[in-house]
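K.L.:
Have a look at this one.
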Amino acid sequence: MNMKDSQAAFERFLDILDQVMAKMASMHSPTRDFGTGVPLYRTEIHTVQAIGENPGINVTGLAKHMGVTKGAVSQTISKLARKGLVRKTYAEDNAKEILLELSDVGWTGFRTHEQFHMEMFDTVRECFGDNVKPRLEMLTKAMTDLNGILARYEQGRKGK
C-alpha cells in the first residue's frame with residue numbers, strides 16, 4: 001500500500017472513530033439519572049462505577065484507575081458527594097488519606113449502569129455470536145494501541 005492509500009485509510013478510520021465517539025457520547029448525553037433521581041454526566045457515572053468496583057479506594061488510586069488527574073477526580077467526587085452518591089471517609093492510619101465508598105443511592109446508580117452495560121453486551125453478543133470473545137479481544141487490542149498512539153502524539157505536541 002502506498003502512502004496515499006495509507007493516508008486515505010487513516011482518514012476513513014478517523015471518520016469511523018468520530019462516529020463511534022459521537023454515539024458513545026449521545027448514549028450519556030447530556031445526562032441520565034441511572035435510577036438515582038439526580039442527573040449524572042458520563043464522567044460521574046463512570047466514577048461511581050469505578051468506586052463500586054473498588055470500594056475503599058483512595059483519590060490517588062481512583063485517578064490512576066481512571067487515567068485522569070487527581071484534581072479531576074477530586075472535582076467529580078465533590079459533585080457526587082453533593083448529589084448524595086459518594087461518601088468520603090478518612091483512613092484510620094492516615095488522617096490525610098480520603099477513602100471513597102458509594103451510598104445506597106450510589107449503589108442504585110452502579111447497578112443500573114451495570115444493567116446498561118449488560119444490555120449493550122447482549123447486542124454485541126447478538127452481532128458477534130460465538131466469536132464474541134476473540135472479536136472483543138481484537139477490538140480491545142486495537143483500542144489499546146490507539147490509546148498509546150494518541151498518548152505518544154499528545155506527548156510530542158507538548159514538547160513543541
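Here's how to read the names in the C-alpha cells: chain A, B, ... by the order shown, residue numbers from 1 in each chain, ligand numbers from 1 in the order shown.
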Pull the closest atom pair for each residue of stretch 57-150 of chain A that gets at most 12 Å from stretch 17-27 of chain A, along with the distance in Å to one decimal, counting only C-alpha atoms, ordering rows by chain and then ascending residue number, as a Markdown table.
P.N.:
```
| residue | atom | partner | partner_atom | distance |
| --- | --- | --- | --- | --- |
| A:His113 | CA | A:Met27 | CA | 11.7 |
| A:Phe116 | CA | A:Met27 | CA | 10.1 |
| A:His117 | CA | A:Met27 | CA | 11.2 |
| A:Met120 | CA | A:Met27 | CA | 10.8 |
| A:Ala142 | CA | A:Leu17 | CA | 11.9 |
| A:Met143 | CA | A:Leu17 | CA | 10.4 |
| A:Leu146 | CA | A:Leu17 | CA | 10.5 |
```
K.L.:
Given the selection you just returned, output its residues as a file containing C-alpha atoms, formatted as a PDB file, in the first residue's frame.
P.N.:
```pdb
ATOM      1  CA  HIS A 113     -25.261   1.328  34.967  1.00  0.00           C
ATOM      2  CA  PHE A 116     -26.981  -0.666  30.875  1.00  0.00           C
ATOM      3  CA  HIS A 117     -23.662  -2.351  30.076  1.00  0.00           C
ATOM      4  CA  MET A 120     -25.065  -3.315  25.312  1.00  0.00           C
ATOM      5  CA  ALA A 142      -6.792  -2.087  18.599  1.00  0.00           C
ATOM      6  CA  MET A 143      -8.171   0.461  21.085  1.00  0.00           C
ATOM      7  CA  LEU A 146      -4.779   3.625  19.536  1.00  0.00           C
TER       8      LEU A 146
END
```
K.L.:
Mind checking which residues fall within 9 Å of A:Glu44, counting only C-alpha atoms, ignoring those fewer than 6 positions away in the same chain, and posting them as a count of residues only?
P.N.:
4
K.L.:
List every residue of chain A that DSSP, applied to the backbone, labels as strand (DSSP E), and write the result as an MDAnalysis selection string.
P.N.:
chainID A and resid 86:91 94:102
K.L.:
Can you tell me which residues surround A:Ile51 at a distance of at most 7 Å, considering only C-alpha atoms, apart from same-chain residues fewer than 5 positions away, and format the answer as an MDAnalysis selection string?
P.N.:
chainID A and resid 57 100:102
K.L.:
Would you give me, as a VMD selection string, the residues in chain A that DSSP reads as helix (DSSP H, G or I)?
P.N.:
chain A and resid 3 to 27 42 to 53 59 to 66 70 to 82 104 to 158
